[in-house]
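These notes concern the structure reproduced below.
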Amino acid sequence: MNAAVQRFLNDVWSEMMTIYNKETIRINEFIGNRPLQAGIKDYLQVAWREGKIHIDVEEPLDWTDSSYEIEAGPYIAELTDELIRSELYPALCKRVEELFLSDKLGPRFFDYRFQIVLSFEMEDEDLTLCVHLVNEEKLNELRQSLQKFITSKIMSDLPVLPSVDDQFFFSHHLMNPDLLKQEENAVGPLIERLSDKLRSNRGRLDEWTGQYTSAMDDWIQNVFLPRHFVRTGSFRMDWIPKENMALMDPNADQLSFFVYTALQIGKTKPDIREQYLKLAVQLGSKRAAEYIQGGSGKFTPVYKGTRVEVDNNDVTQSIEVRILTEEETAYGEALDHITELLQQGFPKEYYLKLKSKQKNYLPLKKMAKSGLHQFFAGALAYPALYPKLAAYANIAMEPFAWYKDTNPGEKSVMPGTYAVLGLGLYSKEYFSLVSRYMEMVDTEHQMIQDGYAEAFIDAHGVEAELIPVLVDILLAGNEEARSVKNFVIDRAELAEVLLQEVSPKEIYEREQVLYRIFGSRAKLEKAVKSEQTEHELRVILSELLTLISC
């Protein structure tokens with residue numbers, strides 16, 4: 001071996017093993033029994049640039065430089081293009097491969113795959129060489145672990161669920177062609193199965209949706225699109241076709257899978273979904289073009305009534321309502337059509353764009369002033385439409401689901417919310433619907449109902465016959481919900497009904513209701529002791545106090 005090559009290798013290897021030995025200690029401290037993680041390290045880059053040797057043990061990011069730097073001796077001048085290609089690179093790869101295939105640094109130090117990059121700044125043109133290694137034994141073990149995981153943790157019935165760590169690795173394995181076929185019928189059922197199992201846990205479901213859509217986005221941006229497009233524009237967010245794209249016609253199965261992943265990404269990034277579908281059209285996808293134009297084809301995309309026009313797209317989960325004449329008939333026609341769409345299976349978690357001259361909103365603080373809100377507030381202006389609104393709400397309501405009319409957050413609401421809360425404010429005929437809604441709502445992840453009791457009382461006052469529905473409303477409050485200032489129990493008949501309603505409840509439910517009415521235990525005690533409180537009322541308030549006594 002050439003002496004300059006040998007000295008370069010020795011310097012690099014000495015520094016690299018020092019780094020790896022430190023990393024081994026760190027990895028052994030945090031890595032546990034993770035059946036879906038074959039190992040940690042999968043990348044090494046050795047580069048000569050700016051007068052120093054740079055070593056990267058993680059794939060470098062565009063915006064940072066975390067390289068380890070070492071000085072090189074005068075031998076560096078002797079390393080020609082020919083020596084680098086014929087001796088240095090093969091020797092480096094051989095050493096790394098031997099280490100990679102051994103257990104010298106522990107069984108979990110290396111992943112089953114490993115990339116080696118050697119880069120040199122040369123006078124005429126920079127030289128970059130790259131090779132990918134695969135540990136077939138580790139790959140086969142990971143395949144077996146994945147199949148066992150799918151059987152035991154994904155396809156099994158509740159209450160069995162994967163751990164949060166395994167859920168993360170599983171999301172990325174879905175997009176790994178070494179482990180699963182990159183086809184909708186292979187990946188889709190696994191995603192839907194775990195999503196169904198997590199449906200009752202909003203936090204885990206959101207986390208899972210974010211994980212697998214993020215993995216899909218990584219695959220699109222780093223694997224699929226670079227084959228056919230070049231990044232451009234500000235922040236390199238735009239894609240333009242390669243000059244020879246016609247010679248790189250995508251495989252039909254790959255293009256179909258790209259369209260599928262684009263649709264899935266739309267659950268968290270609707271704008272990016274549309275961008276990807278348009279790129280798929282450029283690659284020749286008729287399916288993507290049909291999706292953009294009119295949805296999946298399951299629903300008639302355009303409805304034209306006498307006073308309203310409604311367009312829908314189930315792929316983009318969007319509805320557009322154009323009110324041609326501001327009158328009851330227009331809103332009634334739109335409600336009938338949207339209700340029929342939901343009955344046919346249109347996504348309940350849709351976004352609505354409204355074209356109307358009126359801007360009506362419900363008297364509820366912090367509620368998103370969206371087109372969806374505006375549409376239902378407009379329909380609620382016509383009492384004759386209340387039965388239609390109730391019919392819509394009964395179909396639309398679904399626990400752990402949210403309209404797409406606002407970004408995920410404190411203004412997100414369950415399908416049916418605008419119709420139900422409006423009906424509850426404007427008509428006493430629909431209190432049972434309000435109660436059913438409050439039983440269904442996800443109190444951990446929806447907050448808009450916290451302020452509903454105050455608006456409800458502003459509309460109807462506090463009467464004995466209203467106490468049952470008011471208790472249901474209070475019980476649906478978020479943990480951070482505040483006391484209701486206008487909920488005043490100042491008559492014995494009100495306190496008596498309240499006592500009847502809360503007595504059968506669990507202790508935590510009693511505490512929640514009474515806190516939101518009286519503000520605190522101390523304030524309830526004060527009311528019991530106050531001489532200004534009439535005797536009969538004091539007696540009943542005292543009984544209420546005993547319901548939350550330890």
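To be explicit about the labels: the chains of the structure tokens are called A, B, and onward in the order shown, and within each one the residues are counted from 1, while ligands get numbers from 1 in the order they are shown.
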
Determine, counting only C-alpha atoms, which protein, DNA and RNA residues have an atom within 9 Å of an atom of region 200-213 of chain A; residues of the same chain fewer than 5 positions away are not included. Present the result as a ChimeraX atom specification. /A:164,167-168,170-172,174-175,191,194-195,218,261-262,264-269,399-401,442,444-445

Please list as a VMD selection string every residue within 12 Å of Gln144 (chain A), counting only C-alpha atoms and excluding residues in the same chain fewer than 6 positions away. chain A and resid 35 to 36 38 137 to 138 150 to 151 179 to 180

Report as a list in words all protein, DNA and RNA residues lying within 10 Å of Asp253 (chain A), evaluated on only C-alpha atoms, omitting residues in the same chain fewer than 6 positions from it.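 My list of contacting residues is Gln182, Glu183, Glu184 and Val259 of chain A.
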
Next, dump the selected residues to file, keeping only N, CA and C atoms, as an mmCIF file, in the first residue's frame.
data_model
loop_
_atom_site.group_PDB
_atom_site.id
_atom_site.type_symbol
_atom_site.label_atom_id
_atom_site.label_comp_id
_atom_site.auth_asym_id
_atom_site.auth_seq_id
_atom_site.Cartn_x
_atom_site.Cartn_y
_atom_site.Cartn_z
ATOM 1 N N GLN A 182 -43.678 -1.431 -1.188
ATOM 2 C CA GLN A 182 -44.166 -0.055 -1.223
ATOM 3 C C GLN A 182 -45.406 0.009 -2.099
ATOM 4 N N GLU A 183 -46.472 -0.570 -1.575
ATOM 5 C CA GLU A 183 -47.756 -0.616 -2.260
ATOM 6 C C GLU A 183 -48.858 -0.279 -1.264
ATOM 7 N N GLU A 184 -49.896 0.367 -1.747
ATOM 8 C CA GLU A 184 -51.002 0.776 -0.872
ATOM 9 C C GLU A 184 -51.632 -0.420 -0.169
ATOM 10 N N VAL A 259 -48.926 8.649 -5.165
ATOM 11 C CA VAL A 259 -50.235 9.295 -5.061
ATOM 12 C C VAL A 259 -50.891 8.934 -3.729
#

Find the residues around region 340-350 of chain A up to 8 Å (only C-alpha atoms counted), leave out those fewer than 2 positions away in its own chain, and share them as a list in words. Phe299, Asp314, Gln317, Ser318, Ile319, Asp336, His337, Ile338, Leu352, Ile395, Ala396, Ala401, Trp402, Tyr403, Lys404, Asp405 and Pro415 of chain A

Which of region 234-354 of chain A DSSP labels helix (DSSP H, G or I), written as a compact mmCIF listing (two decimals) with N, CA and C atoms, in the first residue's frame:
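Listed below is the output, selection_24.txt:
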# COMPACT_ATOMS: atom_id res chain seq x y z
N SER A 234 -37.36 29.45 -3.25
CA SER A 234 -36.96 29.84 -1.90
C SER A 234 -37.10 28.67 -0.96
N PHE A 235 -36.09 28.47 -0.13
CA PHE A 235 -36.04 27.37 0.83
C PHE A 235 -36.11 26.01 0.12
N ARG A 236 -35.87 25.99 -1.20
CA ARG A 236 -35.85 24.75 -1.98
C ARG A 236 -37.13 23.95 -1.76
N MET A 245 -36.45 13.98 -17.80
CA MET A 245 -37.52 13.29 -17.09
C MET A 245 -38.25 12.31 -17.99
N ALA A 246 -38.33 12.63 -19.29
CA ALA A 246 -39.03 11.73 -20.21
C ALA A 246 -38.35 10.37 -20.27
N LEU A 247 -37.04 10.36 -19.99
CA LEU A 247 -36.30 9.10 -20.01
C LEU A 247 -36.39 8.37 -18.68
N MET A 248 -37.02 8.99 -17.69
CA MET A 248 -37.12 8.40 -16.34
C MET A 248 -38.58 8.21 -15.97
N ALA A 252 -45.23 2.27 -12.78
CA ALA A 252 -46.64 2.54 -12.48
C ALA A 252 -46.97 2.28 -11.02
N ASP A 253 -46.39 1.22 -10.45
CA ASP A 253 -46.64 0.91 -9.03
C ASP A 253 -46.07 1.99 -8.13
N GLN A 254 -44.87 2.48 -8.45
CA GLN A 254 -44.25 3.54 -7.65
C GLN A 254 -45.07 4.83 -7.73
N LEU A 255 -45.53 5.15 -8.92
CA LEU A 255 -46.34 6.36 -9.09
C LEU A 255 -47.65 6.25 -8.32
N SER A 256 -48.25 5.08 -8.36
CA SER A 256 -49.49 4.85 -7.62
C SER A 256 -49.25 4.99 -6.12
N PHE A 257 -48.12 4.47 -5.65
CA PHE A 257 -47.80 4.57 -4.22
C PHE A 257 -47.51 6.03 -3.84
N PHE A 258 -46.88 6.77 -4.74
CA PHE A 258 -46.64 8.20 -4.49
C PHE A 258 -47.96 8.94 -4.31
N VAL A 259 -48.93 8.65 -5.17
CA VAL A 259 -50.23 9.30 -5.06
C VAL A 259 -50.89 8.93 -3.73
N TYR A 260 -50.78 7.67 -3.34
CA TYR A 260 -51.36 7.22 -2.07
C TYR A 260 -50.72 7.98 -0.90
N THR A 261 -49.39 8.09 -0.89
CA THR A 261 -48.72 8.78 0.22
C THR A 261 -49.07 10.26 0.23
N ALA A 262 -49.24 10.85 -0.95
CA ALA A 262 -49.62 12.26 -1.01
C ALA A 262 -50.98 12.48 -0.35
N LEU A 263 -51.91 11.55 -0.59
CA LEU A 263 -53.23 11.66 0.02
C LEU A 263 -53.14 11.53 1.54
N GLN A 264 -52.31 10.62 2.02
CA GLN A 264 -52.16 10.43 3.45
C GLN A 264 -51.56 11.68 4.11
N ILE A 265 -50.57 12.26 3.47
CA ILE A 265 -49.92 13.46 4.01
C ILE A 265 -50.92 14.61 4.15
N PRO A 270 -52.54 19.67 4.20
CA PRO A 270 -53.38 19.71 3.00
C PRO A 270 -52.74 20.43 1.81
N ASP A 271 -52.01 21.52 2.07
CA ASP A 271 -51.40 22.28 0.98
C ASP A 271 -50.34 21.45 0.27
N ILE A 272 -49.56 20.70 1.05
CA ILE A 272 -48.51 19.88 0.45
C ILE A 272 -49.12 18.74 -0.34
N ARG A 273 -50.24 18.20 0.15
CA ARG A 273 -50.93 17.15 -0.59
C ARG A 273 -51.26 17.61 -2.00
N GLU A 274 -51.81 18.81 -2.12
CA GLU A 274 -52.18 19.32 -3.43
C GLU A 274 -50.94 19.51 -4.31
N GLN A 275 -49.85 19.99 -3.72
CA GLN A 275 -48.61 20.17 -4.47
C GLN A 275 -48.11 18.83 -5.01
N TYR A 276 -48.14 17.80 -4.16
CA TYR A 276 -47.65 16.49 -4.59
C TYR A 276 -48.56 15.88 -5.67
N LEU A 277 -49.87 16.06 -5.52
CA LEU A 277 -50.78 15.53 -6.54
C LEU A 277 -50.52 16.19 -7.89
N LYS A 278 -50.22 17.48 -7.88
CA LYS A 278 -49.92 18.17 -9.14
C LYS A 278 -48.62 17.65 -9.75
N LEU A 279 -47.63 17.31 -8.91
CA LEU A 279 -46.40 16.71 -9.42
C LEU A 279 -46.68 15.34 -10.01
N ALA A 280 -47.59 14.60 -9.37
CA ALA A 280 -47.96 13.29 -9.89
C ALA A 280 -48.62 13.42 -11.26
N VAL A 281 -49.39 14.48 -11.45
CA VAL A 281 -50.01 14.72 -12.76
C VAL A 281 -48.92 14.95 -13.80
N GLN A 282 -47.86 15.69 -13.44
CA GLN A 282 -46.76 15.92 -14.38
C GLN A 282 -46.07 14.62 -14.76
N LYS A 286 -53.08 9.77 -14.13
CA LYS A 286 -54.46 10.15 -14.40
C LYS A 286 -55.27 10.14 -13.10
N ARG A 287 -54.91 9.22 -12.20
CA ARG A 287 -55.60 9.13 -10.92
C ARG A 287 -55.47 10.43 -10.13
N ALA A 288 -54.26 10.99 -10.10
CA ALA A 288 -54.03 12.25 -9.38
C ALA A 288 -54.83 13.38 -10.02
N ALA A 289 -54.88 13.41 -11.34
CA ALA A 289 -55.64 14.45 -12.03
C ALA A 289 -57.12 14.36 -11.69
N GLU A 290 -57.63 13.14 -11.63
CA GLU A 290 -59.04 12.94 -11.28
C GLU A 290 -59.31 13.37 -9.85
N TYR A 291 -58.37 13.07 -8.96
CA TYR A 291 -58.53 13.46 -7.56
C TYR A 291 -58.60 14.98 -7.43
N ILE A 292 -57.71 15.68 -8.11
CA ILE A 292 -57.68 17.14 -8.02
C ILE A 292 -58.96 17.74 -8.59
N GLN A 293 -59.42 17.16 -9.69
CA GLN A 293 -60.58 17.71 -10.37
C GLN A 293 -61.89 17.42 -9.64
N GLY A 294 -62.09 16.18 -9.24
CA GLY A 294 -63.41 15.86 -8.69
C GLY A 294 -63.44 14.85 -7.57
N GLU A 328 -83.97 31.11 3.33
CA GLU A 328 -84.09 29.80 3.97
C GLU A 328 -83.90 28.64 3.00
N THR A 329 -84.47 28.74 1.82
CA THR A 329 -84.41 27.65 0.84
C THR A 329 -82.96 27.30 0.49
N ALA A 330 -82.12 28.31 0.34
CA ALA A 330 -80.72 28.08 -0.04
C ALA A 330 -80.01 27.24 1.03
N TYR A 331 -80.15 27.65 2.29
CA TYR A 331 -79.49 26.91 3.37
C TYR A 331 -80.10 25.52 3.54
N GLY A 332 -81.39 25.42 3.33
CA GLY A 332 -82.05 24.12 3.44
C GLY A 332 -81.56 23.15 2.38
N GLU A 333 -81.41 23.62 1.15
CA GLU A 333 -80.90 22.77 0.07
C GLU A 333 -79.47 22.32 0.36
N ALA A 334 -78.66 23.25 0.83
CA ALA A 334 -77.26 22.91 1.13
C ALA A 334 -77.18 21.90 2.26
N LEU A 335 -77.98 22.10 3.31
CA LEU A 335 -77.99 21.15 4.43
C LEU A 335 -78.41 19.76 3.98
N ASP A 336 -79.45 19.69 3.18
CA ASP A 336 -79.91 18.39 2.69
C ASP A 336 -78.81 17.68 1.90
N HIS A 337 -78.13 18.44 1.05
CA HIS A 337 -77.11 17.82 0.21
C HIS A 337 -75.90 17.36 1.04
N ILE A 338 -75.44 18.21 1.98
CA ILE A 338 -74.29 17.83 2.80
C ILE A 338 -74.64 16.64 3.68
N THR A 339 -75.85 16.62 4.23
CA THR A 339 -76.28 15.48 5.05
C THR A 339 -76.29 14.20 4.21
N GLU A 340 -76.76 14.30 2.98
CA GLU A 340 -76.79 13.14 2.10
C GLU A 340 -75.37 12.66 1.80
N LEU A 341 -74.43 13.59 1.60
CA LEU A 341 -73.04 13.22 1.37
C LEU A 341 -72.49 12.42 2.54
N LEU A 342 -72.75 12.90 3.77
CA LEU A 342 -72.26 12.19 4.96
C LEU A 342 -72.90 10.82 5.08
N GLN A 343 -74.16 10.72 4.74
CA GLN A 343 -74.84 9.42 4.77
C GLN A 343 -74.20 8.44 3.80

Nearby residues (only C-alpha atoms) at most 8 Å from region 41-48 of chain A, same-chain spacing under 5 positions excluded, as a compact mmCIF listing (two decimals) with all heavy atoms, in the first residue's frame:
# COMPACT_ATOMS: atom_id res chain seq x y z
N VAL A 12 -7.13 8.73 10.09
CA VAL A 12 -8.59 8.68 10.10
C VAL A 12 -9.09 7.60 11.04
O VAL A 12 -10.02 7.82 11.84
CB VAL A 12 -9.12 8.45 8.67
CG1 VAL A 12 -10.61 8.10 8.71
CG2 VAL A 12 -8.90 9.68 7.81
N ILE A 53 -8.89 17.27 7.57
CA ILE A 53 -9.68 16.07 7.40
C ILE A 53 -10.93 16.21 8.28
O ILE A 53 -10.82 16.50 9.47
CB ILE A 53 -8.90 14.80 7.80
CG1 ILE A 53 -7.66 14.63 6.91
CG2 ILE A 53 -9.79 13.56 7.70
CD1 ILE A 53 -6.75 13.50 7.36
N HIS A 54 -12.10 16.01 7.70
CA HIS A 54 -13.37 16.10 8.42
C HIS A 54 -14.00 14.72 8.49
O HIS A 54 -14.07 14.01 7.48
CB HIS A 54 -14.33 17.06 7.71
CG HIS A 54 -13.84 18.47 7.66
ND1 HIS A 54 -14.38 19.48 8.44
CD2 HIS A 54 -12.85 19.06 6.94
CE1 HIS A 54 -13.76 20.61 8.19
NE2 HIS A 54 -12.83 20.37 7.27
N ILE A 55 -14.47 14.35 9.67
CA ILE A 55 -15.13 13.05 9.86
C ILE A 55 -16.53 13.29 10.39
O ILE A 55 -16.72 13.96 11.41
CB ILE A 55 -14.35 12.15 10.84
CG1 ILE A 55 -12.95 11.87 10.28
CG2 ILE A 55 -15.10 10.84 11.10
CD1 ILE A 55 -12.07 11.09 11.24
N ASP A 56 -17.52 12.76 9.68
CA ASP A 56 -18.93 12.85 10.12
C ASP A 56 -19.42 11.44 10.40
O ASP A 56 -19.39 10.57 9.52
CB ASP A 56 -19.80 13.47 9.03
CG ASP A 56 -19.58 14.97 8.90
OD1 ASP A 56 -20.04 15.70 9.78
OD2 ASP A 56 -18.93 15.38 7.92
N VAL A 57 -19.91 11.22 11.61
CA VAL A 57 -20.48 9.91 11.96
C VAL A 57 -22.00 9.93 11.91
O VAL A 57 -22.65 8.93 12.19
CB VAL A 57 -19.98 9.42 13.34
CG1 VAL A 57 -18.49 9.19 13.32
CG2 VAL A 57 -20.37 10.41 14.43
N GLU A 58 -22.57 11.08 11.59
CA GLU A 58 -24.00 11.23 11.31
C GLU A 58 -24.12 11.96 10.00
O GLU A 58 -23.27 12.79 9.66
CB GLU A 58 -24.71 12.03 12.41
CG GLU A 58 -24.52 11.51 13.83
CD GLU A 58 -25.36 10.28 14.13
OE1 GLU A 58 -26.19 9.92 13.27
OE2 GLU A 58 -25.17 9.69 15.19
N GLU A 59 -25.17 11.68 9.24
CA GLU A 59 -25.34 12.38 7.97
C GLU A 59 -25.50 13.86 8.25
O GLU A 59 -26.40 14.28 8.99
CB GLU A 59 -26.56 11.85 7.23
CG GLU A 59 -26.66 12.35 5.82
CD GLU A 59 -27.62 11.54 4.96
OE1 GLU A 59 -28.27 10.61 5.49
OE2 GLU A 59 -27.74 11.86 3.77
N PHE A 109 -24.82 -1.32 17.82
CA PHE A 109 -24.10 -0.09 17.43
C PHE A 109 -24.42 0.28 15.99
O PHE A 109 -24.76 1.42 15.70
CB PHE A 109 -22.60 -0.28 17.59
CG PHE A 109 -21.81 0.98 17.37
CD1 PHE A 109 -21.63 1.89 18.41
CD2 PHE A 109 -21.26 1.28 16.13
CE1 PHE A 109 -20.92 3.07 18.21
CE2 PHE A 109 -20.56 2.46 15.92
CZ PHE A 109 -20.38 3.36 16.97
N PHE A 110 -24.34 -0.69 15.07
CA PHE A 110 -24.62 -0.42 13.66
C PHE A 110 -26.02 -0.87 13.29
O PHE A 110 -26.50 -1.90 13.75
CB PHE A 110 -23.62 -1.16 12.77
CG PHE A 110 -22.22 -0.61 12.82
CD1 PHE A 110 -21.19 -1.36 13.39
CD2 PHE A 110 -21.92 0.64 12.31
CE1 PHE A 110 -19.90 -0.87 13.45
CE2 PHE A 110 -20.63 1.14 12.37
CZ PHE A 110 -19.61 0.39 12.94
N ASP A 111 -26.64 -0.09 12.40
CA ASP A 111 -27.89 -0.49 11.78
C ASP A 111 -27.57 -1.62 10.78
O ASP A 111 -26.41 -1.95 10.55
CB ASP A 111 -28.51 0.71 11.06
CG ASP A 111 -29.97 0.50 10.69
OD1 ASP A 111 -30.53 -0.57 11.04
OD2 ASP A 111 -30.55 1.38 10.04
N TYR A 112 -28.60 -2.17 10.14
CA TYR A 112 -28.35 -3.25 9.18
C TYR A 112 -27.77 -2.72 7.87
O TYR A 112 -27.24 -3.48 7.06
CB TYR A 112 -29.64 -4.04 8.91
CG TYR A 112 -30.62 -3.36 7.98
CD1 TYR A 112 -30.52 -3.50 6.60
CD2 TYR A 112 -31.64 -2.56 8.47
CE1 TYR A 112 -31.42 -2.86 5.74
CE2 TYR A 112 -32.53 -1.93 7.63
CZ TYR A 112 -32.42 -2.08 6.27
OH TYR A 112 -33.29 -1.46 5.43
N ARG A 113 -27.85 -1.40 7.67
CA ARG A 113 -27.31 -0.80 6.45
C ARG A 113 -26.35 0.31 6.84
O ARG A 113 -26.49 0.92 7.91
CB ARG A 113 -28.42 -0.26 5.56
CG ARG A 113 -29.33 0.71 6.25
CD ARG A 113 -30.55 1.05 5.43
NE ARG A 113 -31.52 1.83 6.20
CZ ARG A 113 -32.73 2.12 5.80
NH1 ARG A 113 -33.14 1.72 4.61
NH2 ARG A 113 -33.55 2.82 6.55
N PHE A 114 -25.40 0.59 5.95
CA PHE A 114 -24.38 1.59 6.29
C PHE A 114 -23.87 2.24 5.01
O PHE A 114 -23.66 1.56 4.00
CB PHE A 114 -23.21 0.91 7.02
CG PHE A 114 -22.30 1.88 7.73
CD1 PHE A 114 -22.62 2.32 9.01
CD2 PHE A 114 -21.14 2.33 7.13
CE1 PHE A 114 -21.78 3.22 9.67
CE2 PHE A 114 -20.31 3.23 7.78
CZ PHE A 114 -20.63 3.67 9.06
N GLN A 115 -23.73 3.56 5.05
CA GLN A 115 -23.25 4.31 3.90
C GLN A 115 -21.87 4.88 4.20
O GLN A 115 -21.65 5.48 5.26
CB GLN A 115 -24.21 5.45 3.56
CG GLN A 115 -23.81 6.27 2.35
CD GLN A 115 -24.79 7.38 2.02
OE1 GLN A 115 -25.75 7.61 2.75
NE2 GLN A 115 -24.56 8.08 0.93
N ILE A 116 -20.93 4.69 3.26
CA ILE A 116 -19.58 5.24 3.38
C ILE A 116 -19.37 6.27 2.27
O ILE A 116 -19.58 5.97 1.09
CB ILE A 116 -18.50 4.14 3.25
CG1 ILE A 116 -18.77 2.99 4.24
CG2 ILE A 116 -17.11 4.73 3.50
CD1 ILE A 116 -17.87 1.79 4.01
N VAL A 117 -18.97 7.47 2.67
CA VAL A 117 -18.72 8.54 1.70
C VAL A 117 -17.29 9.04 1.89
O VAL A 117 -16.87 9.33 3.01
CB VAL A 117 -19.71 9.71 1.88
CG1 VAL A 117 -19.40 10.82 0.88
CG2 VAL A 117 -21.14 9.24 1.73
N LEU A 118 -16.55 9.12 0.78
CA LEU A 118 -15.21 9.71 0.79
C LEU A 118 -15.21 10.89 -0.17
O LEU A 118 -15.60 10.75 -1.33
CB LEU A 118 -14.16 8.68 0.36
CG LEU A 118 -12.71 9.18 0.33
CD1 LEU A 118 -12.24 9.55 1.75
CD2 LEU A 118 -11.78 8.14 -0.27
N SER A 119 -14.81 12.05 0.33
CA SER A 119 -14.89 13.26 -0.48
C SER A 119 -13.57 14.02 -0.39
O SER A 119 -13.02 14.21 0.71
CB SER A 119 -16.04 14.15 0.02
OG SER A 119 -16.10 15.35 -0.70
N PHE A 120 -13.07 14.47 -1.54
CA PHE A 120 -11.81 15.22 -1.61
C PHE A 120 -11.98 16.47 -2.44
O PHE A 120 -12.55 16.44 -3.54
CB PHE A 120 -10.71 14.35 -2.24
CG PHE A 120 -9.86 13.63 -1.24
CD1 PHE A 120 -10.32 12.49 -0.61
CD2 PHE A 120 -8.58 14.09 -0.92
CE1 PHE A 120 -9.54 11.82 0.30
CE2 PHE A 120 -7.79 13.43 0.00
CZ PHE A 120 -8.26 12.29 0.62
N GLU A 121 -11.49 17.59 -1.90
CA GLU A 121 -11.39 18.81 -2.70
C GLU A 121 -10.14 18.70 -3.55
O GLU A 121 -9.03 18.61 -3.05
CB GLU A 121 -11.29 20.05 -1.80
CG GLU A 121 -12.60 20.47 -1.17
CD GLU A 121 -12.47 21.78 -0.40
OE1 GLU A 121 -11.31 22.22 -0.18
OE2 GLU A 121 -13.49 22.35 -0.01

Residue nearest Val160 (chain A) - candidates A:Lys181, A:Gly305, A:Lys197, A:Gly409, atoms counted: only C-alpha atoms: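 Residue with the minimum atom-to-atom distance to Val160 (chain A): A:Lys197.
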
So which one's closest to Ile448 (chain A), A:Lys365, A:Pro250, A:Leu499, A:Ala381? Using only C-alpha atoms, please.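 The closest residue to Ile448 (chain A) is A:Lys365.
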
Rank nothing, just name the residue among A:Ala4, A:Lys485, A:Glu141, A:Arg436 nearest to Leu88 (chain A), using only C-alpha atoms. A:Ala4

Please measure the separation of CA of Glu309 (chain A) and CA of Glu326 (chain A), giving the value in Å to one decimal.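 So the answer is 12.5 Å.
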
Would you compute the distance between CA of Tyr452 (chain A) and CA of Leu364 (chain A)? Give it in Å to one decimal. 6.9 Å

With only C-alpha atoms as the atoms that count, which of A:Cys93, A:Met216, A:Leu389, A:Leu324 lies nearest to Lys357 (chain A)? A:Leu324

To one decimal place in Å, what is the distance between CA of Asn176 (chain A) and CA of Ser145 (chain A)?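 CA of Ser145 (chain A) lies 14.4 Å from CA of Asn176 (chain A).
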
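All residues within region 223-429 of chain A that the backbone DSSP calculation assigns to strand (DSSP E) are A:Phe229, A:Val230, A:Arg231, A:Thr232, A:Asp238, A:Trp239, A:Ile240, A:Pro241, A:Val302, A:Tyr303, A:Lys304, A:Val308, A:Glu309, A:Val310, A:Asp311, A:Asn312, A:Asn313, A:Ser318, A:Ile319, A:Glu320, A:Val321, A:Arg322, A:Ile323, A:Tyr351, A:Leu352, A:Lys353, A:Leu354, A:Lys355.
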